[in-house]
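Source file: start_9.txt; contents: compact mmCIF, C-alpha atoms.
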# COMPACT_ATOMS: atom_id res chain seq x y z
CA MET G 1 33.55 68.08 -5.21
CA ASP G 2 30.03 68.67 -3.92
CA LYS G 3 29.44 71.29 -6.63
CA LYS G 4 29.45 68.55 -9.26
CA LYS G 5 26.36 66.50 -10.02
CA ALA G 6 26.56 63.15 -8.23
CA LEU G 7 26.09 59.97 -10.25
CA ILE G 8 25.17 58.16 -7.01
CA HIS G 9 23.51 59.99 -4.12
CA LEU G 10 22.60 58.21 -0.89
CA GLN G 11 20.64 60.17 1.68
CA ASN G 12 20.03 58.91 5.22
CA LEU G 13 19.84 55.33 3.90
CA SER G 14 18.84 52.77 6.52
CA PHE G 15 17.94 49.10 6.30
CA ALA G 16 17.40 46.21 8.71
CA TYR G 17 17.03 42.52 7.87
CA PRO G 18 14.03 40.73 9.42
CA HIS G 19 14.59 39.73 13.04
CA ALA G 20 17.98 41.49 13.16
CA LYS G 21 18.95 43.14 16.44
CA GLN G 22 20.42 46.19 14.71
CA ASN G 23 20.33 47.92 11.35
CA ALA G 24 22.55 46.59 8.58
CA LEU G 25 22.70 50.18 7.27
CA ASN G 26 22.22 53.14 9.54
CA GLY G 27 21.85 56.63 8.09
CA ILE G 28 24.23 56.39 5.13
CA ASP G 29 24.95 59.71 3.38
CA CYS G 30 27.29 59.61 0.41
CA LYS G 31 27.92 60.97 -3.09
CA ILE G 32 29.91 59.23 -5.81
CA PHE G 33 30.77 61.02 -9.04
CA THR G 34 31.18 59.99 -12.67
CA HIS G 35 34.44 58.13 -13.48
CA GLU G 36 35.45 57.85 -9.82
CA SER G 37 37.00 54.62 -8.61
CA VAL G 38 35.87 54.12 -5.01
CA ALA G 39 36.83 51.45 -2.49
CA ILE G 40 34.38 50.32 0.18
CA VAL G 41 36.29 48.77 3.06
CA GLY G 42 35.53 47.58 6.54
CA PRO G 43 35.36 44.46 8.71
CA ASN G 44 33.03 41.57 7.95
CA GLY G 45 29.45 42.47 8.80
CA ALA G 46 29.99 46.19 8.31
CA GLY G 47 27.21 46.42 5.68
CA LYS G 48 29.33 46.63 2.52
CA SER G 49 27.47 44.02 0.46
CA THR G 50 24.12 45.26 1.79
CA LEU G 51 25.00 48.71 0.47
CA ALA G 52 25.95 47.27 -2.93
CA ASN G 53 22.63 45.43 -3.11
CA HIS G 54 20.82 48.74 -2.57
CA LEU G 55 22.69 50.30 -5.48
CA MET G 56 21.42 47.46 -7.69
CA GLY G 57 17.87 47.57 -6.37
CA ILE G 58 18.20 44.01 -5.05
CA LEU G 59 17.31 45.51 -1.67
CA LEU G 60 15.21 48.65 -1.28
CA ALA G 61 15.64 51.42 1.27
CA GLN G 62 13.39 51.17 4.32
CA SER G 63 14.14 54.82 5.04
CA GLY G 64 16.14 57.42 3.20
CA SER G 65 16.83 57.20 -0.53
CA VAL G 66 19.15 55.88 -3.24
CA VAL G 67 19.38 57.96 -6.43
CA ILE G 68 21.33 56.68 -9.46
CA ASP G 69 21.91 59.21 -12.27
CA GLU G 70 18.95 61.26 -10.95
CA ILE G 71 16.65 58.19 -10.91
CA LEU G 72 15.22 57.15 -7.56
CA VAL G 73 15.74 53.44 -6.88
CA ARG G 74 12.25 52.08 -6.31
CA PRO G 75 10.27 49.15 -7.75
CA ALA G 76 8.93 51.13 -10.72
CA ASN G 77 12.46 52.11 -11.77
CA ILE G 78 14.40 48.90 -11.17
CA GLY G 79 14.75 48.14 -14.89
CA TYR G 80 16.36 51.52 -15.58
CA VAL G 81 18.69 51.17 -12.61
CA ARG G 82 19.91 47.70 -13.59
CA ASP G 83 20.68 48.94 -17.09
CA MET G 84 23.06 51.47 -15.49
CA VAL G 85 24.59 49.39 -12.68
CA GLY G 86 26.44 46.11 -13.07
CA LEU G 87 27.36 43.92 -10.09
CA VAL G 88 30.08 41.26 -10.24
CA PHE G 89 29.64 38.80 -7.37
CA GLN G 90 32.56 37.62 -5.24
CA ASN G 91 31.99 34.01 -6.34
CA PRO G 92 31.48 33.78 -10.13
CA ASN G 93 29.62 30.48 -9.62
CA ASP G 94 26.78 32.59 -8.15
CA GLN G 95 26.58 34.52 -11.41
CA LEU G 96 27.26 32.02 -14.22
CA PHE G 97 24.52 29.60 -15.21
CA CYS G 98 24.26 29.41 -19.04
CA PRO G 99 25.47 26.41 -21.10
CA THR G 100 28.34 28.28 -22.78
CA VAL G 101 30.45 31.40 -22.23
CA ARG G 102 28.93 33.04 -25.32
CA GLU G 103 25.44 32.53 -23.91
CA GLU G 104 26.56 33.97 -20.56
CA ILE G 105 27.59 37.19 -22.26
CA GLU G 106 24.54 37.23 -24.52
CA PHE G 107 22.03 36.71 -21.70
CA GLY G 108 21.89 40.28 -20.39
CA LEU G 109 22.00 41.72 -23.91
CA ILE G 110 19.02 39.62 -24.99
CA ASN G 111 17.10 40.85 -21.92
CA MET G 112 17.95 44.40 -23.03
CA LYS G 113 16.20 43.52 -26.33
CA LEU G 114 19.15 44.62 -28.44
CA PRO G 115 19.30 43.80 -32.17
CA SER G 116 21.10 40.54 -32.97
CA ARG G 117 23.90 42.35 -34.82
CA GLU G 118 24.60 44.58 -31.82
CA ILE G 119 24.54 41.57 -29.51
CA HIS G 120 27.14 39.87 -31.70
CA ASP G 121 29.33 42.97 -31.77
CA ARG G 122 29.13 43.50 -28.02
CA VAL G 123 29.98 39.86 -27.28
CA THR G 124 33.03 40.13 -29.54
CA GLU G 125 34.09 43.42 -27.98
CA SER G 126 33.69 42.15 -24.41
CA ALA G 127 35.48 38.89 -25.18
CA ASP G 128 38.40 40.85 -26.64
CA ILE G 129 38.63 43.14 -23.61
CA MET G 130 38.59 40.19 -21.20
CA ASN G 131 40.77 37.94 -23.40
CA ILE G 132 38.18 35.17 -23.38
CA GLY G 133 37.45 34.87 -27.11
CA HIS G 134 38.93 31.37 -27.16
CA LEU G 135 36.50 30.33 -24.39
CA LEU G 136 33.21 31.38 -26.04
CA LYS G 137 32.14 27.84 -26.98
CA LYS G 138 33.13 26.30 -23.64
CA PRO G 139 30.83 25.68 -20.66
CA ALA G 140 31.63 28.15 -17.90
CA HIS G 141 31.57 25.49 -15.17
CA HIS G 142 34.59 23.80 -16.79
CA LEU G 143 36.77 26.91 -16.55
CA SER G 144 39.39 27.85 -13.97
CA GLY G 145 38.59 30.34 -11.22
CA GLY G 146 40.41 33.15 -13.01
CA GLU G 147 38.65 32.40 -16.29
CA LYS G 148 35.26 32.32 -14.58
CA LYS G 149 35.97 35.70 -13.00
CA ARG G 150 36.85 37.18 -16.41
CA VAL G 151 33.68 35.73 -17.95
CA ALA G 152 31.53 37.15 -15.13
CA ILE G 153 33.06 40.60 -15.60
CA GLY G 154 32.80 40.31 -19.39
CA ALA G 155 29.08 39.54 -19.18
CA ILE G 156 28.55 42.72 -17.17
CA LEU G 157 30.83 44.89 -19.34
CA ALA G 158 28.94 43.84 -22.47
CA MET G 159 25.91 45.68 -21.09
CA ARG G 160 28.04 48.85 -20.86
CA PRO G 161 27.00 49.91 -17.36
CA LYS G 162 27.70 53.42 -16.15
CA ILE G 163 28.60 51.94 -12.77
CA LEU G 164 30.50 48.70 -12.17
CA ILE G 165 30.40 47.21 -8.66
CA MET G 166 32.86 44.41 -7.86
CA ASP G 167 32.61 42.42 -4.64
CA GLU G 168 36.06 41.05 -3.69
CA PRO G 169 37.17 40.86 -7.36
CA THR G 170 40.56 39.28 -6.60
CA ALA G 171 39.25 36.66 -4.15
CA ASN G 172 40.62 33.16 -4.84
CA LEU G 173 42.85 34.33 -7.71
CA ASP G 174 46.49 33.37 -8.04
CA PRO G 175 49.02 36.25 -8.20
CA TYR G 176 49.19 36.22 -12.02
CA ASN G 177 45.41 36.50 -12.47
CA GLU G 178 45.24 39.08 -9.68
CA LYS G 179 47.68 41.24 -11.65
CA VAL G 180 45.70 40.68 -14.88
CA LEU G 181 42.48 41.71 -13.17
CA THR G 182 44.07 44.74 -11.49
CA ASP G 183 45.34 45.98 -14.86
CA LEU G 184 41.89 45.41 -16.38
CA ILE G 185 40.15 47.39 -13.62
CA ASN G 186 42.51 50.29 -14.22
CA SER G 187 41.75 50.24 -17.95
CA LEU G 188 37.98 50.66 -17.48
CA SER G 189 36.58 54.17 -17.80
CA CYS G 190 33.22 53.62 -16.09
CA THR G 191 32.54 54.55 -12.47
CA LYS G 192 33.88 51.71 -10.31
CA ILE G 193 32.99 50.66 -6.78
CA ILE G 194 35.23 47.94 -5.37
CA ILE G 195 34.40 46.09 -2.16
CA SER G 196 37.49 44.34 -0.85
CA HIS G 197 39.82 43.60 2.06
CA ASP G 198 42.79 43.49 -0.32
CA LEU G 199 44.27 46.90 0.42
CA PRO G 200 47.27 46.63 -1.94
CA VAL G 201 44.89 46.00 -4.85
CA LEU G 202 42.63 48.85 -3.74
CA PHE G 203 45.61 51.18 -3.49
CA GLN G 204 46.44 50.40 -7.14
CA THR G 205 42.87 50.78 -8.45
CA CYS G 206 40.97 53.33 -6.34
CA GLN G 207 41.20 57.07 -5.73
CA ARG G 208 38.93 57.18 -2.70
CA ALA G 209 38.02 55.02 0.28
CA LEU G 210 34.76 54.75 2.21
CA VAL G 211 35.29 53.00 5.53
CA MET G 212 32.22 51.21 6.88
CA VAL G 213 31.68 50.01 10.45
CA ASP G 214 28.39 48.80 11.95
CA GLY G 215 26.32 49.95 8.98
CA GLN G 216 27.76 53.45 8.86
CA ILE G 217 30.38 55.23 6.76
CA ILE G 218 32.77 56.45 9.44
CA ARG G 219 35.41 57.93 7.12
CA ASP G 220 35.44 59.17 3.52
CA PHE G 221 38.85 60.22 2.30
CA SER G 222 41.46 59.76 -0.41
CA MET G 223 43.08 56.36 -0.82
CA GLN G 224 46.45 57.79 0.15
CA GLU G 225 45.01 59.28 3.34
CA PHE G 226 43.41 55.94 4.16
CA MET G 227 46.62 53.98 3.62
CA ASP G 228 48.50 56.48 5.80
CA ASP G 229 46.05 56.06 8.70
CA GLN G 230 47.62 53.00 10.32
CA ASP G 231 45.58 53.38 13.51
CA LEU G 232 42.32 53.15 11.57
CA ILE G 233 43.55 50.17 9.56
CA LEU G 234 44.65 48.32 12.69
CA GLU G 235 41.50 49.16 14.65
CA HIS G 236 39.21 47.60 12.06
CA GLY G 237 41.16 44.46 11.20
CA LEU G 238 42.45 45.68 7.82
CA ASP G 239 46.19 45.46 8.48
CA PHE G 240 47.93 44.07 5.38
CA ARG G 241 51.55 44.52 6.42
CA PHE G 242 52.09 40.81 7.04
CA LYS G 243 52.06 40.40 3.25
CA CYS G 244 54.95 42.83 2.97
CA LYS G 245 56.81 40.90 5.67
CA CYS G 246 56.26 37.65 3.74
CA CYS G 247 57.67 39.22 0.56
CA LYS G 248 60.73 40.44 2.45
CA ALA G 249 61.23 37.01 4.04
CA ILE G 250 61.07 35.25 0.66
CA HIS G 251 63.16 37.75 -1.33
CA PRO G 252 64.92 40.10 1.11
CA GLU G 253 67.21 41.47 -1.62
CA ARG G 254 64.22 42.58 -3.72
CA PHE G 255 62.15 44.12 -0.93
CA SER G 256 64.80 45.73 1.26

Once you've parsed the file, please lay out its structure as structure tokens.
Amino acid sequence: MDKKKALIHLQNLSFAYPHAKQNALNGIDCKIFTHESVAIVGPNGAGKSTLANHLMGILLAQSGSVVIDEILVRPANIGYVRDMVGLVFQNPNDQLFCPTVREEIEFGLINMKLPSREIHDRVTESADIMNIGHLLKKPAHHLSGGEKKRVAIGAILAMRPKILIMDEPTANLDPYNEKVLTDLINSLSCTKIIISHDLPVLFQTCQRALVMVDGQIIRDFSMQEFMDDQDLILEHGLDFRFKCKCCKAIHPERFS
């Protein structure tokens, strides 16, 4: 794997928030390659969202480096980086602010200074992919949680990022919309980084798992290897087996 050119290359990345007693990130070294689907897992406070914010240039390395498609993430290059990396927040209300769904999707495209015809075509394409064409004239704040999530993802997809980062994409979704979103994630061909505690969803969508604890990546292995390491899962509060027990309790004949 290391012989391939990395799309994302983190070298000795460290970062501390003001007045914090310890680093939020502490010497992160990692490579992620084109078209990979990578899970970032770990307990709350492990540094997962802080790492995602460095990939977007929302936060900048205090030591070490972040390189995206051979471009160093630094103030002079933030515009280039944000054209390549799209971040979908855990709560779509933190992302949606325009009067209508159409304007939400158009916003990033207008900032990219695309021609009006291309903007129209990309909005249509994104709305079709996300199945939100019937919502384009509606205000986003009147939509359901699942609809808001699809609009937030659609707005990012319209910009055609090379890298899509999703922070807890299935949070607060009912089972039907969770399945819809899982199928959508699998249909996307871009490089995907998914931050989540929902291990069954990650198992269905990711090839690789990075396990973070105390600002460090302590393990980097295949998703199957991760799911097989019950000791690691238990040690870091990621045990999901109670969900399986609930399914068996509700429908024992289906899950025996």

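Closest approach to Asn93 in chain G from the set G:Met130, G:Ala46, G:Ile58, G:Leu143 is made by G:Leu143, with distances taken over only C-alpha atoms.
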
Kindly assemble as CSV a list of the range 2-87 of chain G residues that lie within 10 Å of range 208-231 of chain G, each paired with its nearest atom pair and their distance in Å to one decimal, using all atoms listed in the file, sorted first by chain and then by ascending residue number.
residue,atom,partner,partner_atom,distance
G:Leu13,CA,G:Gln216,CA,9.5
G:Ser14,CA,G:Gly215,CA,8.4
G:Phe15,CA,G:Gly215,CA,8.8
G:Ala16,CA,G:Gly215,CA,9.7
G:Gln22,CA,G:Asp214,CA,8.8
G:Asn23,CA,G:Gly215,CA,6.8
G:Ala24,CA,G:Gly215,CA,5.1
G:Leu25,CA,G:Gly215,CA,4.0
G:Asn26,CA,G:Gly215,CA,5.2
G:Gly27,CA,G:Gln216,CA,6.8
G:Ile28,CA,G:Gln216,CA,5.9
G:Asp29,CA,G:Ile217,CA,7.8
G:Cys30,CA,G:Ile217,CA,8.3
G:Ile32,CA,G:Arg208,CA,9.8
G:Glu36,CA,G:Arg208,CA,8.0
G:Ser37,CA,G:Arg208,CA,6.7
G:Val38,CA,G:Arg208,CA,4.9
G:Ala39,CA,G:Ala209,CA,4.7
G:Ile40,CA,G:Leu210,CA,4.9
G:Val41,CA,G:Val211,CA,5.0
G:Gly42,CA,G:Met212,CA,4.9
G:Pro43,CA,G:Val213,CA,6.9
G:Asn44,CA,G:Val213,CA,8.9
G:Gly45,CA,G:Asp214,CA,7.1
G:Ala46,CA,G:Val213,CA,4.7
G:Gly47,CA,G:Gly215,CA,4.9
G:Lys48,CA,G:Met212,CA,7.0
G:Thr50,CA,G:Gly215,CA,8.9
G:Leu51,CA,G:Gly215,CA,8.7

Next item on the list: Would you kindly return, as a PyMOL selection string, each protein, DNA or RNA residue with an atom no farther than 12 Å from any atom of Leu114 in chain G, considering all atoms listed in the file and excluding same-chain residues fewer than 6 positions away?
Entry: chain G and resi 106-108+120-123+158-159

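The smallest atom-to-atom distance between Cys206 in chain G and any of G:Ala152, G:His35, G:Asp167, G:His142, using all atoms listed in the file, is found for G:His35.
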
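Across G:Leu10, G:Ile119, G:Val101, G:Met112, the tightest approach to Val66 in chain G is made by G:Leu10 when counting only C-alpha atoms.
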
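Reported to one decimal place, the separation of CA of Met56 in chain G from CA of Val81 in chain G is 6.7 Å.
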
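CA of Phe33 in chain G is found 4.8 Å from CA of Ala6 in chain G.
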
Checklist line | Point-to-point distance from CA of Phe89 in chain G to CA of Leu188 in chain G, Å rounded to tenths | finding: 17.7 Å

Check: Skipping near chain neighbours, those fewer than 4 positions away, what residues fall within 12 Å of Thr170 in chain G using only C-alpha atoms, listed as number ranges by chain?
Finding: G: 88-92, 145-146, 148-150, 153, 166, 174-185, 194-202, 205

Would you mind writing range 132-146 of chain G with N, CA and C atoms, as an mmCIF file, in the coordinates of the input?
data_model
loop_
_atom_site.group_PDB
_atom_site.id
_atom_site.type_symbol
_atom_site.label_atom_id
_atom_site.label_comp_id
_atom_site.auth_asym_id
_atom_site.auth_seq_id
_atom_site.Cartn_x
_atom_site.Cartn_y
_atom_site.Cartn_z
ATOM 1 N N ILE G 132 38.881 36.444 -23.542
ATOM 2 C CA ILE G 132 38.180 35.170 -23.380
ATOM 3 C C ILE G 132 37.553 34.701 -24.693
ATOM 4 N N GLY G 133 38.009 35.269 -25.822
ATOM 5 C CA GLY G 133 37.450 34.870 -27.110
ATOM 6 C C GLY G 133 37.590 33.394 -27.383
ATOM 7 N N HIS G 134 38.683 32.795 -26.928
ATOM 8 C CA HIS G 134 38.930 31.370 -27.160
ATOM 9 C C HIS G 134 38.061 30.475 -26.262
ATOM 10 N N LEU G 135 37.330 31.096 -25.330
ATOM 11 C CA LEU G 135 36.500 30.330 -24.390
ATOM 12 C C LEU G 135 35.011 30.361 -24.748
ATOM 13 N N LEU G 136 34.625 31.094 -25.796
ATOM 14 C CA LEU G 136 33.210 31.380 -26.040
ATOM 15 C C LEU G 136 32.362 30.115 -26.213
ATOM 16 N N LYS G 137 32.922 29.062 -26.740
ATOM 17 C CA LYS G 137 32.140 27.840 -26.980
ATOM 18 C C LYS G 137 32.186 26.878 -25.791
ATOM 19 N N LYS G 138 32.956 27.215 -24.767
ATOM 20 C CA LYS G 138 33.130 26.300 -23.640
ATOM 21 C C LYS G 138 32.073 26.531 -22.562
ATOM 22 N N PRO G 139 31.720 25.481 -21.820
ATOM 23 C CA PRO G 139 30.830 25.680 -20.660
ATOM 24 C C PRO G 139 31.582 26.360 -19.530
ATOM 25 N N ALA G 140 30.952 27.351 -18.923
ATOM 26 C CA ALA G 140 31.630 28.150 -17.900
ATOM 27 C C ALA G 140 32.036 27.298 -16.703
ATOM 28 N N HIS G 141 31.252 26.265 -16.374
ATOM 29 C CA HIS G 141 31.570 25.490 -15.170
ATOM 30 C C HIS G 141 32.802 24.619 -15.341
ATOM 31 N N HIS G 142 33.359 24.545 -16.570
ATOM 32 C CA HIS G 142 34.590 23.800 -16.790
ATOM 33 C C HIS G 142 35.833 24.688 -16.732
ATOM 34 N N LEU G 143 35.661 25.975 -16.508
ATOM 35 C CA LEU G 143 36.770 26.910 -16.550
ATOM 36 C C LEU G 143 37.474 27.010 -15.201
ATOM 37 N N SER G 144 38.684 27.585 -15.222
ATOM 38 C CA SER G 144 39.390 27.850 -13.970
ATOM 39 C C SER G 144 38.748 29.018 -13.241
ATOM 40 N N GLY G 145 39.154 29.233 -11.997
ATOM 41 C CA GLY G 145 38.590 30.340 -11.220
ATOM 42 C C GLY G 145 38.856 31.683 -11.861
ATOM 43 N N GLY G 146 40.075 31.886 -12.351
ATOM 44 C CA GLY G 146 40.410 33.150 -13.010
ATOM 45 C C GLY G 146 39.623 33.364 -14.282
#
